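Printed here is upload.txt (compact mmCIF, C-alpha atoms):
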```txt
# COMPACT_ATOMS: atom_id res chain seq x y z
CA MET A 42 0.00 0.00 0.00
CA LYS A 43 1.29 3.46 -0.86
CA LYS A 44 2.44 5.45 2.14
CA GLU A 45 0.19 8.36 1.19
CA VAL A 46 -2.85 6.09 0.95
CA SER A 47 -2.06 4.50 4.31
CA LEU A 48 -1.83 7.96 5.88
CA TYR A 49 -5.09 9.04 4.24
CA LEU A 50 -6.87 6.02 5.67
CA ASP A 51 -5.32 6.63 9.10
CA LEU A 52 -6.43 10.26 9.06
CA VAL A 53 -9.96 9.26 8.03
CA ARG A 54 -10.00 6.58 10.76
CA PHE A 55 -9.13 9.12 13.44
CA CYS A 56 -11.61 11.68 12.08
CA ALA A 57 -14.40 9.08 11.99
CA ALA A 58 -13.68 8.08 15.60
CA MET A 59 -13.76 11.74 16.63
CA VAL A 60 -17.06 12.28 14.81
CA VAL A 61 -18.60 9.42 16.81
CA PHE A 62 -17.07 10.84 20.01
CA LEU A 63 -18.49 14.32 19.32
CA ASP A 64 -21.83 12.86 18.26
CA HIS A 65 -22.20 11.25 21.68
CA TYR A 66 -20.62 14.17 23.54
CA SER A 67 -23.42 16.36 22.11
CA PHE A 68 -25.99 14.44 24.16
CA HIS A 69 -27.78 16.68 26.64
CA ARG A 70 -26.62 14.63 29.63
CA PHE A 71 -22.98 15.31 28.71
CA SER A 72 -22.84 18.82 27.25
CA GLY A 73 -26.32 20.26 27.47
CA GLY A 74 -26.70 19.82 23.72
CA LEU A 75 -23.49 21.55 22.62
CA LEU A 76 -22.47 20.55 19.07
CA TRP A 77 -25.90 19.07 18.43
CA GLN A 78 -25.14 19.36 14.72
CA MET A 79 -22.77 16.39 15.04
CA ARG A 80 -25.74 14.13 15.72
CA GLN A 81 -26.25 14.01 11.96
CA PHE A 82 -22.97 12.28 11.23
CA GLY A 83 -22.41 9.49 13.76
CA ASN A 84 -23.99 6.79 11.62
CA GLU A 85 -22.01 7.94 8.60
CA ALA A 86 -18.79 7.60 10.57
CA VAL A 87 -19.64 3.98 11.38
CA THR A 88 -20.26 3.36 7.67
CA VAL A 89 -16.80 4.77 6.97
CA PHE A 90 -15.35 2.35 9.54
CA PHE A 91 -16.99 -0.60 7.78
CA VAL A 92 -15.53 0.41 4.40
CA LEU A 93 -12.11 0.95 6.00
CA SER A 94 -12.33 -2.46 7.63
CA GLY A 95 -13.07 -4.23 4.35
CA PHE A 96 -10.21 -2.40 2.63
CA VAL A 97 -7.68 -3.20 5.36
CA ILE A 98 -8.71 -6.86 5.59
CA ALA A 99 -8.41 -7.26 1.81
CA TYR A 100 -4.96 -5.68 1.96
CA ALA A 101 -3.86 -7.86 4.89
CA THR A 102 -4.97 -11.11 3.26
CA SER A 103 -3.26 -10.21 -0.01
CA THR A 104 0.06 -9.57 1.70
CA ARG A 105 0.64 -11.41 4.98
CA GLU A 106 -2.52 -13.03 6.38
CA ASN A 107 -2.70 -15.62 3.60
CA THR A 108 -3.43 -18.75 5.64
CA PRO A 109 -6.42 -19.55 7.87
CA ARG A 110 -4.15 -19.61 10.92
CA SER A 111 -2.46 -16.25 10.29
CA TYR A 112 -5.79 -14.66 9.39
CA CYS A 113 -7.63 -15.88 12.48
CA VAL A 114 -4.76 -15.18 14.88
CA SER A 115 -4.27 -11.64 13.56
CA ARG A 116 -7.98 -10.82 13.60
CA MET A 117 -8.45 -12.19 17.11
CA ALA A 118 -5.39 -10.34 18.42
CA ARG A 119 -6.61 -7.09 16.88
CA MET A 120 -10.08 -7.46 18.37
CA TYR A 121 -9.34 -8.85 21.80
CA SER A 122 -6.46 -6.50 22.57
CA VAL A 123 -9.04 -3.72 22.71
CA VAL A 124 -12.35 -5.52 23.22
CA VAL A 125 -11.43 -7.32 26.45
CA PRO A 126 -10.17 -4.15 28.19
CA ALA A 127 -13.16 -2.21 26.82
CA LEU A 128 -15.72 -4.67 28.16
CA LEU A 129 -14.01 -4.92 31.55
CA LEU A 130 -13.69 -1.15 31.71
CA THR A 131 -17.38 -0.76 30.90
CA VAL A 132 -18.41 -3.11 33.69
CA VAL A 133 -16.13 -1.48 36.27
CA LEU A 134 -16.97 2.13 35.41
CA ASP A 135 -20.69 1.41 35.13
CA GLU A 136 -20.79 -0.28 38.51
CA ILE A 137 -18.88 2.50 40.25
CA GLY A 138 -20.64 5.31 38.40
CA SER A 139 -24.15 3.94 38.86
CA GLY A 140 -23.42 3.51 42.56
CA LEU A 141 -22.33 7.13 42.88
CA ARG A 142 -25.01 8.69 40.67
CA PRO A 143 -27.76 6.21 39.77
CA ASP A 144 -29.80 9.04 38.24
CA LEU A 145 -27.20 9.43 35.49
CA TYR A 146 -27.41 5.77 34.49
CA SER A 147 -30.90 5.60 33.10
CA GLY A 148 -32.73 3.17 30.90
CA ALA A 149 -34.26 6.20 29.18
CA TRP A 150 -31.08 6.57 27.08
CA GLY A 151 -30.48 2.85 26.68
CA TYR A 152 -28.40 1.92 29.72
CA VAL A 153 -28.86 -1.69 30.74
CA ARG A 154 -27.60 -2.75 34.14
CA ASP A 155 -27.29 -6.46 33.63
CA LEU A 156 -24.14 -8.36 34.56
CA SER A 157 -25.47 -11.72 33.39
CA PHE A 158 -23.06 -14.19 31.86
CA THR A 159 -25.11 -14.28 28.65
CA ARG A 160 -24.79 -10.55 28.06
CA PHE A 161 -21.03 -10.52 28.60
CA PHE A 162 -20.57 -13.74 26.61
CA THR A 163 -22.39 -12.39 23.55
CA GLY A 164 -20.19 -9.30 23.67
CA LEU A 165 -17.01 -11.33 24.01
CA THR A 166 -17.99 -13.67 21.15
CA PHE A 167 -19.41 -10.90 18.93
CA THR A 168 -22.77 -12.63 18.70
CA ASN A 169 -24.64 -9.66 20.17
CA GLU A 170 -26.32 -8.71 16.87
CA LEU A 171 -27.10 -12.09 15.31
CA TRP A 172 -30.55 -12.32 13.75
CA THR A 173 -33.08 -10.63 16.08
CA TRP A 174 -30.65 -10.11 18.93
CA SER A 175 -29.53 -6.63 19.88
CA ILE A 176 -27.79 -7.13 23.20
CA GLY A 177 -26.25 -3.99 24.66
CA GLN A 178 -23.18 -3.82 26.89
CA GLY A 179 -24.08 -1.45 29.72
CA SER A 180 -23.35 2.17 28.83
CA ASN A 181 -21.26 1.13 25.82
CA ALA A 182 -23.90 1.65 23.15
CA ALA A 183 -21.25 1.88 20.40
CA TYR A 184 -20.39 -1.79 20.94
CA TRP A 185 -23.21 -2.87 18.63
CA SER A 186 -20.98 -2.49 15.56
CA MET A 187 -18.65 -5.24 16.80
CA GLY A 188 -21.58 -7.61 16.27
CA TYR A 189 -21.42 -6.70 12.58
CA GLU A 190 -17.67 -6.28 12.14
CA VAL A 191 -16.52 -9.70 13.32
CA PRO A 192 -19.22 -11.66 11.43
CA TYR A 193 -17.91 -9.91 8.32
CA TYR A 194 -14.44 -11.22 9.16
CA ALA A 195 -15.92 -14.70 9.45
CA ILE A 196 -17.84 -14.44 6.17
CA PHE A 197 -14.79 -13.15 4.31
CA GLY A 198 -12.49 -15.75 5.86
CA VAL A 199 -14.82 -18.59 4.91
CA ALA A 200 -15.13 -17.24 1.35
CA LEU A 201 -11.37 -16.84 1.03
CA PHE A 202 -10.03 -19.99 2.65
CA SER A 203 -12.68 -22.67 2.07
CA PRO A 204 -11.87 -25.39 -0.47
CA PRO A 205 -13.24 -24.38 -3.89
CA ARG A 206 -15.83 -27.13 -3.83
CA TRP A 207 -17.39 -25.84 -0.61
CA ARG A 208 -16.70 -22.11 -0.93
CA TRP A 209 -20.11 -20.86 -1.99
CA PRO A 210 -22.24 -23.19 0.17
CA ALA A 211 -20.06 -22.46 3.22
CA THR A 212 -20.14 -18.71 2.61
CA ALA A 213 -23.91 -18.74 2.15
CA LEU A 214 -24.34 -20.76 5.34
CA THR A 215 -22.18 -18.28 7.28
CA ILE A 216 -24.26 -15.35 5.99
CA VAL A 217 -27.46 -17.12 6.98
CA ALA A 218 -26.04 -17.78 10.45
CA ALA A 219 -25.30 -14.05 10.83
CA GLY A 220 -28.87 -13.08 10.00
CA PRO A 221 -30.65 -10.66 7.65
CA SER A 222 -29.58 -7.38 9.28
CA ILE A 223 -25.90 -8.22 9.02
CA ALA A 224 -26.39 -9.60 5.50
CA LEU A 225 -28.18 -6.43 4.36
CA ALA A 226 -25.26 -4.27 5.47
CA LEU A 227 -22.64 -6.65 4.08
CA PRO A 228 -22.29 -4.70 0.77
CA VAL A 229 -21.03 -1.71 2.79
CA TRP A 230 -18.14 -3.76 4.20
CA ALA A 231 -17.61 -5.54 0.89
CA ALA A 232 -17.24 -2.14 -0.80
CA GLY A 233 -13.96 -1.82 1.07
CA VAL A 234 -12.74 -5.16 -0.28
CA LEU A 235 -13.68 -4.17 -3.84
CA THR A 236 -12.02 -0.78 -3.37
CA TYR A 237 -8.73 -2.39 -2.37
CA ARG A 238 -8.75 -4.69 -5.37
CA ILE A 239 -9.38 -1.76 -7.71
CA CYS A 240 -6.59 0.21 -6.05
CA ALA A 241 -4.22 -2.76 -6.31
CA GLN A 242 -4.62 -2.70 -10.10
CA ASP A 243 -3.70 1.02 -10.11
CA ARG A 244 -4.97 1.71 -13.63
CA LEU A 245 -6.18 5.30 -13.22
CA SER A 246 -3.93 8.17 -14.20
CA PRO A 247 -3.08 10.78 -11.54
CA ARG A 248 -5.23 13.33 -13.38
CA ALA A 249 -8.23 10.99 -13.45
CA GLY A 250 -7.60 10.17 -9.80
CA MET A 251 -7.67 13.82 -8.78
CA LEU A 252 -10.93 14.33 -10.69
CA LEU A 253 -12.49 11.25 -9.11
CA PHE A 254 -11.34 12.25 -5.64
CA GLY A 255 -12.74 15.75 -5.98
CA ALA A 256 -15.98 14.58 -7.60
CA SER A 257 -16.65 11.95 -4.92
CA LEU A 258 -16.16 14.47 -2.10
CA ALA A 259 -18.29 17.04 -3.94
CA ALA A 260 -21.08 14.48 -4.38
CA TRP A 261 -20.82 13.59 -0.69
CA CYS A 262 -21.07 17.26 0.29
CA ALA A 263 -24.06 17.73 -2.05
CA TYR A 264 -25.76 14.78 -0.38
CA GLU A 265 -25.19 16.33 3.06
CA ILE A 266 -26.75 19.61 1.92
CA VAL A 267 -29.81 17.84 0.51
CA VAL A 268 -30.44 15.66 3.57
CA TRP A 269 -29.82 18.56 5.94
CA LYS A 270 -32.73 20.31 4.27
CA PHE A 271 -35.06 17.42 3.47
CA GLY A 272 -34.07 14.71 5.95
CA ARG A 273 -32.18 11.44 5.63
CA PRO A 274 -33.58 8.36 3.90
CA ILE A 275 -34.95 6.24 6.72
CA ILE A 276 -36.47 2.77 6.66
CA ALA A 277 -38.32 1.88 9.85
CA PRO A 278 -36.30 -0.83 11.67
CA THR A 279 -37.77 -4.25 12.38
CA PRO A 280 -36.39 -7.26 14.25
CA TRP A 281 -35.15 -8.48 10.85
CA HIS A 282 -33.71 -5.16 9.75
CA LYS A 283 -32.02 -3.03 12.39
CA ARG A 284 -30.09 -0.52 10.24
CA SER A 285 -32.74 2.13 9.60
CA GLU A 286 -30.33 4.20 7.48
CA ILE A 287 -29.27 1.37 5.18
CA VAL A 288 -29.93 3.45 2.03
CA GLN A 289 -27.63 6.15 3.38
CA ASP A 290 -25.09 3.49 4.31
CA TYR A 291 -24.88 2.40 0.67
CA LEU A 292 -24.54 5.97 -0.59
CA VAL A 293 -21.89 7.00 1.92
CA ALA A 294 -19.97 3.78 1.30
CA ALA A 295 -19.95 4.57 -2.43
CA PHE A 296 -18.78 8.18 -1.89
CA PHE A 297 -15.98 7.13 0.45
CA ALA A 298 -14.90 4.14 -1.65
CA LEU A 299 -14.61 6.33 -4.76
CA SER A 300 -12.58 8.86 -2.80
CA ILE A 301 -10.09 6.14 -1.89
CA VAL A 302 -9.79 5.00 -5.51
CA GLY A 303 -9.21 8.58 -6.62
CA PHE A 304 -6.71 9.31 -3.85
CA ASN A 305 -4.80 6.12 -4.59
CA ALA A 306 -4.35 7.12 -8.24
CA ALA A 307 -3.16 10.64 -7.34
CA ALA A 308 -1.43 9.72 -4.08
CA ARG A 309 1.79 11.61 -4.77
CA GLU A 310 -0.05 14.74 -5.88
CA LEU A 311 -2.55 14.72 -3.01
CA GLY A 312 -0.56 13.19 -0.16
CA GLY A 313 2.40 15.54 0.29
CA LEU A 314 0.94 17.30 3.30
CA LEU A 315 -0.01 13.98 4.88
CA VAL A 316 3.55 12.70 4.56
CA ARG A 317 4.86 15.79 6.33
CA GLY A 318 2.40 15.20 9.15
CA ALA A 319 2.86 11.43 9.21
CA ARG A 320 4.06 11.18 12.79
CA ALA A 321 1.09 13.09 14.20
CA ILE A 322 -1.37 11.18 12.03
CA ARG A 323 0.02 7.81 13.10
CA PHE A 324 -0.15 8.83 16.75
CA LEU A 325 -3.74 10.01 16.54
CA ALA A 326 -4.90 7.03 14.50
CA GLY A 327 -3.06 4.62 16.78
CA ALA A 328 -5.77 4.99 19.41
CA SER A 329 -8.80 5.25 17.11
CA PHE A 330 -10.18 1.78 17.95
CA THR A 331 -9.87 2.46 21.68
CA LEU A 332 -11.41 5.90 21.17
CA TYR A 333 -14.38 4.37 19.41
CA LEU A 334 -14.89 1.45 21.77
CA CYS A 335 -14.23 3.12 25.14
CA HIS A 336 -15.47 6.70 24.76
CA LEU A 337 -19.05 6.19 25.96
CA PRO A 338 -18.35 4.44 29.29
CA VAL A 339 -15.52 6.93 29.92
CA LEU A 340 -17.68 9.95 29.07
CA GLN A 341 -20.46 8.60 31.25
CA PHE A 342 -18.20 7.99 34.23
CA VAL A 343 -16.28 11.26 33.95
CA SER A 344 -19.61 13.11 33.78
CA VAL A 345 -20.45 11.57 37.16
CA CYS A 346 -17.28 13.12 38.60
CA MET A 347 -17.92 16.58 37.19
CA PRO A 348 -19.07 19.10 39.84
CA TRP A 349 -20.80 21.31 37.24
CA PRO A 350 -24.06 20.88 35.30
CA PRO A 351 -23.80 19.71 31.67
CA ALA A 352 -24.31 23.16 30.10
CA ASP A 353 -21.68 24.86 32.27
CA ILE A 354 -18.73 26.03 30.18
CA ARG A 355 -16.30 24.43 32.64
CA ASN A 356 -17.97 21.06 32.18
CA ARG A 357 -18.12 21.48 28.42
CA ILE A 358 -14.35 21.92 28.32
CA ALA A 359 -13.22 19.57 31.08
CA LEU A 360 -15.40 16.58 30.19
CA PRO A 361 -14.08 15.94 26.66
CA VAL A 362 -10.50 16.86 27.51
CA ILE A 363 -10.30 14.54 30.52
CA SER A 364 -12.10 11.77 28.63
CA LEU A 365 -9.72 11.96 25.67
CA ILE A 366 -6.67 11.90 27.94
CA VAL A 367 -8.00 8.81 29.73
CA ILE A 368 -8.76 7.11 26.40
CA TYR A 369 -5.31 7.73 24.96
CA LEU A 370 -3.72 6.41 28.15
CA LEU A 371 -5.89 3.30 27.83
CA ALA A 372 -4.73 2.85 24.25
CA MET A 373 -1.15 2.50 25.46
CA VAL A 374 -2.07 -0.68 27.31
CA SER A 375 -4.60 -2.05 24.83
CA GLU A 376 -4.46 -1.05 21.19
CA ASN A 377 -0.71 -0.67 21.12
CA LYS A 378 -0.14 -4.06 22.77
CA LYS A 379 -1.37 -6.43 20.07
CA GLU A 380 1.81 -8.50 19.90
CA PRO A 381 1.41 -10.22 23.32
CA TRP A 382 -2.14 -11.13 22.30
CA ARG A 383 -0.92 -12.40 18.94
CA ARG A 384 1.70 -14.62 20.58
CA ALA A 385 -0.75 -15.97 23.17
CA ILE A 386 -3.47 -16.69 20.63
CA GLY A 387 -0.93 -18.22 18.24
CA GLN A 388 0.34 -20.55 20.95
CA ALA A 389 -3.21 -21.54 21.90
CA TRP A 390 -4.00 -22.20 18.24
CA GLY A 391 -0.90 -24.40 17.94
CA ARG A 392 -1.80 -26.42 21.03
CA ALA A 393 -5.36 -26.87 19.83
CA ALA A 394 -4.18 -28.00 16.40
CA ALA A 395 -1.79 -30.48 17.99
CA TRP A 396 -4.53 -31.83 20.27
CA ILE A 397 -6.89 -32.31 17.32
CA ALA A 398 -4.19 -33.98 15.25
CA ALA A 399 -3.09 -36.37 17.99
CA PRO A 400 -5.98 -38.90 17.70
CA ARG A 401 -5.49 -39.00 13.92
CA ALA A 402 -1.81 -39.73 14.36
CA LYS A 403 -2.57 -42.55 16.78
CA GLY A 404 -5.21 -43.94 14.43
CA GLY A 405 -2.71 -43.87 11.59
CA ARG A 406 -0.31 -46.00 13.58
```

Is it possible to give me this structure as structure tokens?
Amino acid sequence: MKKEVSLYLDLVRFCAAMVVFLDHYSFHRFSGGLLWQMRQFGNEAVTVFFVLSGFVIAYATSTRENTPRSYCVSRMARMYSVVVPALLLTVVLDEIGSGLRPDLYSGAWGYVRDLSFTRFFTGLTFTNELWTWSIGQGSNAAYWSMGYEVPYYAIFGVALFSPPRWRWPATALTIVAAGPSIALALPVWAAGVLTYRICAQDRLSPRAGMLLFGASLAAWCAYEIVVWKFGRPIIAPTPWHKRSEIVQDYLVAAFFALSIVGFNAAARELGGLLVRGARAIRFLAGASFTLYLCHLPVLQFVSVCMPWPPADIRNRIALPVISLIVIYLLAMVSENKKEPWRRAIGQAWGRAAAWIAAPRAKGGR
């Protein structure tokens, strides 16, 4: 992958995480409604994450994660290095915070105080959104997307690594197991895979790339202007279809995917400023997963500790600043520590493979 493209994706990843953070920070219970305009863009940021995920997974499997073992170990290490600390953090902060200020932990905004094994298990196994399930994790409402993200990893892995004879039946069975809501949003994630494969061919000229990049962003901006005035395309959710903005998801995925294709073709012309700011971009993006997955329980708990009401200017400044500092400190012991997880999971995989192979070896003798 070109350095400029990698930096562009990192910058977008950080910006998308910050959009989600500011979307939730704008809630009345946190800021008294400050930055309410950001409420329009949280779902779009999640769509961007799905496209990014598909792109990065396609890149990883075309370069280094080219066996079932390397693919599974890398994906599990990436997820669990952040997910396990995030879930534990959510439980701890929710229990302490709800004990101090139970009025701030309300079911009215979706908080669920339930420490049952089933709830934690579905979060840990990423089965929280299968079929009609929609199982929340305390105050961590953003966790729902993990129930889409990891099933996409499973679907893609099955499609990529299954024997040719069984590829399509196995892939179809995996999609059915995930359920209709996840299947309906699958094209958004798959757009990232397709985008990578187009970029890998690198057939566009730099001039065409610049035109495509500019046109895709202009079309995206035009869409935002139209929906700001007339409203976003909404389909009422049902137990079988939970993404009410699925039409928007498809459109935003297309805008963003085209921008990547255009940027890739004109990377040298468009990426000079990014290269100069590479160190800062890498630092900011290095905590984007932790920022996304931990910001709500941290915001909620820090708000409990604030001595001022939500609309007070002191609270409006202190709450996000303290929360971001805490999140970036957390990232140092979670997101940036994937290698120990990779080694541990790799060793467990090896032991499991040896245990499975042992009876066959004995039978052969």

Residues within 10 Å of range 338-341 of chain A, all atoms listed in the file, excluding chain neighbours under 3 positions, as a ChimeraX atom specification:
/A:62,65-66,70-71,127-128,130-135,138-139,145-146,178-183,332,334-335,344-346,360-361,363-365,367-368

Find the residues around Trp269 in chain A up to 12 Å (all atoms listed in the file counted), leave out those fewer than 2 positions away in its own chain, and share them as a list in words.
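Returned residues: Gln78, Met79, Arg80, Gln81, Phe82, Cys262, Ala263, Tyr264, Glu265, Ile266, Val267, Phe271, Gly272, Arg273 and Pro274 of chain A.
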
Dump C-alpha atoms for the selected residues as a PDB file, in the coordinates of the input?
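Contents of the output file part_31.pdb:
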```pdb
ATOM      1  CA  GLN A  78     -25.140  19.360  14.720  1.00  0.00           C
ATOM      2  CA  MET A  79     -22.770  16.390  15.040  1.00  0.00           C
ATOM      3  CA  ARG A  80     -25.740  14.130  15.720  1.00  0.00           C
ATOM      4  CA  GLN A  81     -26.250  14.010  11.960  1.00  0.00           C
ATOM      5  CA  PHE A  82     -22.970  12.280  11.230  1.00  0.00           C
ATOM      6  CA  CYS A 262     -21.070  17.260   0.290  1.00  0.00           C
ATOM      7  CA  ALA A 263     -24.060  17.730  -2.050  1.00  0.00           C
ATOM      8  CA  TYR A 264     -25.760  14.780  -0.380  1.00  0.00           C
ATOM      9  CA  GLU A 265     -25.190  16.330   3.060  1.00  0.00           C
ATOM     10  CA  ILE A 266     -26.750  19.610   1.920  1.00  0.00           C
ATOM     11  CA  VAL A 267     -29.810  17.840   0.510  1.00  0.00           C
ATOM     12  CA  PHE A 271     -35.060  17.420   3.470  1.00  0.00           C
ATOM     13  CA  GLY A 272     -34.070  14.710   5.950  1.00  0.00           C
ATOM     14  CA  ARG A 273     -32.180  11.440   5.630  1.00  0.00           C
ATOM     15  CA  PRO A 274     -33.580   8.360   3.900  1.00  0.00           C
TER      16      PRO A 274
END
```

Do you have the CA of Trp174 in chain A-CA of Asp155 in chain A distance handy?
15.5 Å

Measuring atom to atom with all atoms listed in the file, identify which of A:Arg119, A:Arg206, A:Arg105, A:Arg238 is nearest to Val302 in chain A.
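Of all the options, A:Arg238 lies closest to Val302 in chain A.
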
Neighbouring residues of Val288 in chain A were defined as those with any atom within 9 Å, considering all atoms listed in the file; residues of the same chain fewer than 5 positions away were excluded. Please report them as a list in words.
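Counting only the stated atoms, we get Pro274, Ile275, Ile276 and Val293 of chain A.
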
Take CA of Phe91 in chain A and CA of Thr104 in chain A and report the distance between them in Å, one decimal.
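A separation of 20.2 Å between them.
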